[in-house]
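Q: Sharing upload04.cif below, mmCIF, C-alpha atoms:
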```
data_model
loop_
_atom_site.group_PDB
_atom_site.id
_atom_site.type_symbol
_atom_site.label_atom_id
_atom_site.label_comp_id
_atom_site.auth_asym_id
_atom_site.auth_seq_id
_atom_site.Cartn_x
_atom_site.Cartn_y
_atom_site.Cartn_z
ATOM 1 C CA MET A 1 11.576 -9.866 -4.993
ATOM 2 C CA ASN A 2 7.912 -10.258 -4.075
ATOM 3 C CA ARG A 3 5.534 -8.147 -6.141
ATOM 4 C CA PHE A 4 1.813 -7.669 -5.981
ATOM 5 C CA GLU A 5 -0.586 -5.885 -8.305
ATOM 6 C CA LYS A 6 -4.116 -4.671 -7.614
ATOM 7 C CA GLU A 7 -6.698 -2.789 -9.645
ATOM 8 C CA LEU A 8 -7.918 -0.090 -7.279
ATOM 9 C CA THR A 9 -11.607 0.091 -6.413
ATOM 10 C CA PRO A 10 -13.710 3.154 -5.513
ATOM 11 C CA SER A 11 -13.514 2.028 -1.876
ATOM 12 C CA ASP A 12 -9.689 1.879 -2.078
ATOM 13 C CA ILE A 13 -9.659 5.428 -3.443
ATOM 14 C CA ASN A 14 -12.308 7.090 -1.261
ATOM 15 C CA GLN A 15 -11.728 5.355 2.061
ATOM 16 C CA ARG A 16 -8.732 3.142 2.800
ATOM 17 C CA LEU A 17 -6.757 0.553 0.901
ATOM 18 C CA ALA A 18 -7.908 -3.005 1.535
ATOM 19 C CA VAL A 19 -4.759 -5.101 1.945
ATOM 20 C CA THR A 20 -5.048 -8.461 0.226
ATOM 21 C CA LYS A 21 -3.598 -11.824 1.198
ATOM 22 C CA GLY A 22 -1.017 -11.452 -1.560
ATOM 23 C CA MET A 23 0.340 -8.266 0.011
ATOM 24 C CA LEU A 24 0.270 -9.740 3.516
ATOM 25 C CA GLU A 25 2.743 -12.417 2.450
ATOM 26 C CA PHE A 26 5.587 -9.892 2.515
ATOM 27 C CA LEU A 27 4.376 -7.189 4.941
ATOM 28 C CA PRO A 28 5.235 -7.251 8.650
ATOM 29 C CA GLN A 29 2.869 -9.142 10.904
ATOM 30 C CA ILE A 30 -0.233 -7.230 11.987
ATOM 31 C CA ASP A 31 -0.309 -6.146 15.631
ATOM 32 C CA PRO A 32 -3.923 -6.346 16.857
ATOM 33 C CA GLU A 33 -3.183 -3.675 19.477
ATOM 34 C CA HIS A 34 -1.367 -1.088 17.337
ATOM 35 C CA ASP A 35 -1.156 0.095 13.743
ATOM 36 C CA VAL A 36 2.115 -0.931 12.089
ATOM 37 C CA PRO A 37 3.908 1.858 10.174
ATOM 38 C CA ILE A 38 5.032 0.817 6.686
ATOM 39 C CA ARG A 39 7.538 3.135 5.005
ATOM 40 C CA VAL A 40 6.880 3.127 1.252
ATOM 41 C CA LEU A 41 8.919 4.710 -1.537
ATOM 42 C CA ASP A 42 7.134 5.647 -4.772
ATOM 43 C CA GLU A 43 8.668 5.744 -8.250
ATOM 44 C CA THR A 44 9.401 9.484 -7.926
ATOM 45 C CA GLY A 45 11.486 8.874 -4.793
ATOM 46 C CA LYS A 46 8.954 10.323 -2.353
ATOM 47 C CA VAL A 47 8.500 8.473 0.934
ATOM 48 C CA TYR A 48 5.068 7.838 2.429
ATOM 49 C CA VAL A 49 4.259 6.132 5.710
ATOM 50 C CA PHE A 50 1.135 3.990 5.547
ATOM 51 C CA TYR A 51 -0.309 2.430 8.691
ATOM 52 C CA LEU A 52 -1.260 -1.234 8.478
ATOM 53 C CA SER A 53 -4.212 -2.021 10.692
ATOM 54 C CA GLY A 54 -6.180 -5.159 11.444
ATOM 55 C CA ARG A 55 -9.845 -4.201 11.635
ATOM 56 C CA GLN A 56 -12.121 -5.416 14.385
ATOM 57 C CA GLY A 57 -15.540 -6.966 13.978
ATOM 58 C CA ARG A 58 -17.056 -9.136 11.292
ATOM 59 C CA ASP A 59 -14.875 -7.956 8.396
ATOM 60 C CA LYS A 60 -11.334 -8.378 9.712
ATOM 61 C CA LYS A 61 -9.536 -7.648 6.455
ATOM 62 C CA PRO A 62 -6.416 -5.572 7.087
ATOM 63 C CA VAL A 63 -6.178 -2.075 5.617
ATOM 64 C CA PHE A 64 -3.802 0.806 5.147
ATOM 65 C CA GLN A 65 -5.454 3.468 7.288
ATOM 66 C CA ALA A 66 -7.096 6.354 5.464
ATOM 67 C CA LYS A 67 -5.093 9.396 6.591
ATOM 68 C CA GLN A 68 -1.719 8.814 4.890
ATOM 69 C CA TRP A 69 -3.154 6.627 2.129
ATOM 70 C CA ARG A 70 -5.547 9.436 1.128
ATOM 71 C CA VAL A 71 -2.622 11.914 1.000
ATOM 72 C CA PHE A 72 -0.930 9.579 -1.485
ATOM 73 C CA VAL A 73 -4.150 9.214 -3.521
ATOM 74 C CA LYS A 74 -4.679 12.989 -3.749
ATOM 75 C CA GLU A 75 -1.055 13.855 -4.540
ATOM 76 C CA ARG A 76 -0.870 11.259 -7.291
ATOM 77 C CA GLY A 77 -4.341 11.846 -8.777
ATOM 78 C CA ILE A 78 -5.243 8.173 -8.423
ATOM 79 C CA ALA A 79 -8.635 6.964 -9.680
ATOM 80 C CA ALA A 80 -10.601 3.737 -9.471
ATOM 81 C CA GLY A 81 -9.363 1.389 -12.174
ATOM 82 C CA ASP A 82 -5.713 2.455 -11.836
ATOM 83 C CA VAL A 83 -3.381 -0.455 -11.168
ATOM 84 C CA MET A 84 -1.123 -0.365 -8.116
ATOM 85 C CA TYR A 85 2.102 -2.362 -7.985
ATOM 86 C CA PHE A 86 3.512 -3.003 -4.529
ATOM 87 C CA TRP A 87 6.702 -4.898 -3.768
ATOM 88 C CA GLN A 88 9.594 -5.292 -1.409
ATOM 89 C CA GLU A 89 13.257 -5.203 -2.269
ATOM 90 C CA ASP A 90 16.575 -4.889 -0.512
ATOM 91 C CA ASN A 91 18.094 -1.405 -0.547
ATOM 92 C CA ALA A 92 21.830 -0.624 -0.804
ATOM 93 C CA PHE A 93 22.225 -1.410 2.920
ATOM 94 C CA TYR A 94 20.545 -4.836 2.592
ATOM 95 C CA GLN A 95 17.454 -3.627 4.420
ATOM 96 C CA ILE A 96 13.923 -4.414 3.284
ATOM 97 C CA GLU A 97 12.296 -1.501 1.510
ATOM 98 C CA TYR A 98 8.706 -1.301 0.276
ATOM 99 C CA ARG A 99 7.993 0.256 -3.115
ATOM 100 C CA ILE A 100 4.803 1.381 -4.844
ATOM 101 C CA ALA A 101 4.093 2.342 -8.448
ATOM 102 C CA LEU A 102 0.933 3.123 -10.411
ATOM 103 C CA LEU A 103 -0.259 2.476 -13.907
ATOM 104 C CA LYS A 104 -3.169 4.417 -15.347
ATOM 105 C CA PRO A 105 -5.193 2.637 -18.033
ATOM 106 C CA LEU A 106 -4.788 4.077 -21.536
ATOM 107 C CA PHE A 107 -8.525 3.896 -22.214
ATOM 108 C CA PRO A 108 -10.537 4.430 -19.009
#
```
Written as structure tokens, that's how I'd like the structure from this file.

A:
Amino acid sequence: MNRFEKELTPSDINQRLAVTKGMLEFLPQIDPEHDVPIRVLDETGKVYVFYLSGRQGRDKKPVFQAKQWRVFVKERGIAAGDVMYFWQEDNAFYQIEYRIALLKPLFP
């Protein structure tokens, strides 16, 4: 099981999630022509679909596009400094499934 952790920044919370090299190691390949839907299951069992996009221009870091990511942020009350855990695992049907969980710091 590949797992990645990231402390979320104000930019991750207020705009879109910057996808790091560590996450890219187990996500599908980026399509420069189209956003790639990534179905993600959180620890409560709710499914979200984030869209992986390769940005154009000078800063070509991939991101999860704002629309669905921001829904997740609002519903979960996520703040800068929270830690996101993201991983892939095989489900009961031996298919790859992406999971996400959050940890809020005890003393912000």

Q: Pick out the residues sitting within 8 Å of Ser53 of chain A, and hand them over as an mmCIF file with C-alpha atoms, in the coordinates of the input; count all atoms listed in the file, and ignore anything fewer than 6 positions along from it in its own chain.

A:
```cif
data_model
loop_
_atom_site.group_PDB
_atom_site.id
_atom_site.type_symbol
_atom_site.label_atom_id
_atom_site.label_comp_id
_atom_site.auth_asym_id
_atom_site.auth_seq_id
_atom_site.Cartn_x
_atom_site.Cartn_y
_atom_site.Cartn_z
ATOM 1 C CA ILE A 30 -0.233 -7.230 11.987
ATOM 2 C CA ASP A 31 -0.309 -6.146 15.631
ATOM 3 C CA PRO A 32 -3.923 -6.346 16.857
ATOM 4 C CA HIS A 34 -1.367 -1.088 17.337
ATOM 5 C CA ASP A 35 -1.156 0.095 13.743
ATOM 6 C CA VAL A 36 2.115 -0.931 12.089
ATOM 7 C CA PRO A 62 -6.416 -5.572 7.087
ATOM 8 C CA VAL A 63 -6.178 -2.075 5.617
ATOM 9 C CA PHE A 64 -3.802 0.806 5.147
ATOM 10 C CA GLN A 65 -5.454 3.468 7.288
#
```

Q: Measuring between only C-alpha atoms, which one of A:Phe72, A:Phe93, A:Tyr51, A:Tyr98 shows the shortest distance to Asn2 of chain A?

A: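 Of A:Phe72, A:Phe93, A:Tyr51, A:Tyr98, the one nearest Asn2 of chain A is A:Tyr98, counting only C-alpha atoms.
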
Q: Near Lys21 of chain A, counting all atoms listed in the file, which residues have an atom at most 10 Å away, once you skip same-chain residues fewer than 3 positions from it, shown as a list of chain:residue names?

A: A:Phe4, A:Ala18, A:Leu24, A:Glu25, A:Phe26, A:Leu27, A:Lys61, A:Pro62

Q: Determine the residue membership of the PyMOL selection byres ((chain A and resi 37-41) around 7) for the file above and supply it as a list in words.

A: Asp35, Val36, Asp42, Glu43, Gly45, Lys46, Val47, Tyr48, Val49, Phe50, Tyr51, Leu52, Tyr98, Arg99 and Ile100 of chain A

Q: Counting only C-alpha atoms, I want the residues whose atoms come within 10 Å of (-11.7, 8.8, 6.4) in the file frame, returned as a PDB file with C-alpha atoms, in the frame of the given file.

A:
```pdb
ATOM      1  CA  ASN A  14     -12.308   7.090  -1.261  1.00  0.00           C
ATOM      2  CA  GLN A  15     -11.728   5.355   2.061  1.00  0.00           C
ATOM      3  CA  ARG A  16      -8.732   3.142   2.800  1.00  0.00           C
ATOM      4  CA  GLN A  65      -5.454   3.468   7.288  1.00  0.00           C
ATOM      5  CA  ALA A  66      -7.096   6.354   5.464  1.00  0.00           C
ATOM      6  CA  LYS A  67      -5.093   9.396   6.591  1.00  0.00           C
ATOM      7  CA  TRP A  69      -3.154   6.627   2.129  1.00  0.00           C
ATOM      8  CA  ARG A  70      -5.547   9.436   1.128  1.00  0.00           C
TER       9      ARG A  70
END
```

Q: Rounded to one decimal, what separation in Å do you get between atom CA of Ser11 of chain A and atom CA of Pro105 of chain A?

A: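 Taking atom CA of Ser11 of chain A and atom CA of Pro105 of chain A, their separation equals 18.2 Å.
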
Q: May I ask which of the residues A:Leu103, A:Gln95, A:Gly22, A:Gly54 is the closest one to Gly81 of chain A, counting all atoms listed in the file?

A: A:Leu103

Q: Work out how far apart atom CA of Leu17 of chain A and atom CA of Met84 of chain A are and give it in Å to one decimal.

A: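 Distance reported for this atom pair: 10.7 Å.
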
Q: Please determine, counting only C-alpha atoms, which residue among A:Ile13, A:Lys6, A:Ala80, A:Pro28 has the shortest atom-to-atom distance to Glu97 of chain A.

A: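 For Glu97 of chain A, the nearest of the given residues is A:Pro28.
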